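Visitor: Got a structure here, written out as C-alpha cells. Questions coming.
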Amino acid sequence: MTSDTGSTDPGVHTADTDTADPETPASDQLKRVLRRVFESQIPNYGDYNLVLATPGLDGETGFYVLGYRWRPAEVVFAPFDVDTLAGLEVPTSVNTTNLSHTDELDTDAYEVGTSTGRVFQFAVEAQAALPATASAGERLLEQSADWEDFRSFVESYLELA
C-alpha cells in the first residue's frame with residue numbers, strides 16, 4: 001500500500017512496482033480506501049510509504065494506516081474505524097524529536113512510544129486482516145512487498161531510540 005511515489009529510500013522495492021504475489025481486486029480496493037484515509041489527513045502524504053498496522057498483542061484493539069519514511073526517519077499513526085474505514089482522530093507523528101522508545105515485541109510486532117507518554121503497540125504482517133463486519137466478511141490485505149520494506153525500515157528505526 002505504498003504511496004504513489006514509492007519508497008523514499010533508493011533501491012527499495014514497493015508493492016506498486018515489484019509485487020511477488022498477485023493482488024486481489026478486494027485487496028487493491030482496500031488499499032485505495034486506506035490510502036485515502038491517510039492522504040486526507042496528512043498534507044505531504046506522498047513522502048510516506050503506507051502499511052496496514054493491526055493490533056500487536058492480545059487485548060490491543062487499534063488499527064492504523066501507518067505511514068513511514070526513511071529520511072527524515074518518521075512514522076505516522078493514522079487510526080481508523082474498521083467498520084466504516086474512516087479516520088478516528090488526528091494522526092500522531094513520531095520522529096527523532098519525540099521518540100522515547102521502540103521495541104520489537106514479537107515477530108512482526110512492535111511498540112513505539114513518544115516523549116509525551118503515548119504508546120503504540122502494533123503488528124505489520126505480509127497479509128493483514130481486518131475483522132468481519134455486518135456488511136462484509138473478513139477483509140484481507142496483501143502487502144508482502146510493503147511488509148519487506150517496512151521490516152528493513154524498522155530495523156534502522158529501532159536503533160534511533
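Ordering of the C-alpha cells sets the chain letters (A, B, ...), residue numbers begin anew at 1 in every chain, and ligands are numbered from 1 in the order given.
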For stretch 120-137 of chain A, work out the shell of residues within 10 Å, counting only C-alpha atoms and skipping chain neighbours fewer than 4 positions away, then give it as a PyMOL selection string.
Guide: chain A and resi 27+30+51-57+60-64+66+77+82-84+92+102-114+141-148+150-151
Visitor: Write out as a list in words all residues of stretch 84-147 of chain A that DSSP puts in helix (DSSP H, G or I) for this structure's backbone.
Guide: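 After running DSSP on the backbone, stretch 84-147 of chain A has helix (DSSP H, G or I) at Ser144, Ala145, Asp146 and Trp147 of chain A.
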Visitor: Running DSSP on the backbone, which parts of chain A land in strand (DSSP E or B), as a PyMOL selection string?
Guide: chain A and resi 49-55+64-69+74-80+87+92-95+99-106+109-114+119-123+127-130+139-142
Visitor: Separation of atom CA of A:Lys31 and atom CA of A:Gly67, in Å?
Guide: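 Taking atom CA of A:Lys31 and atom CA of A:Gly67, their separation equals 12.9 Å.
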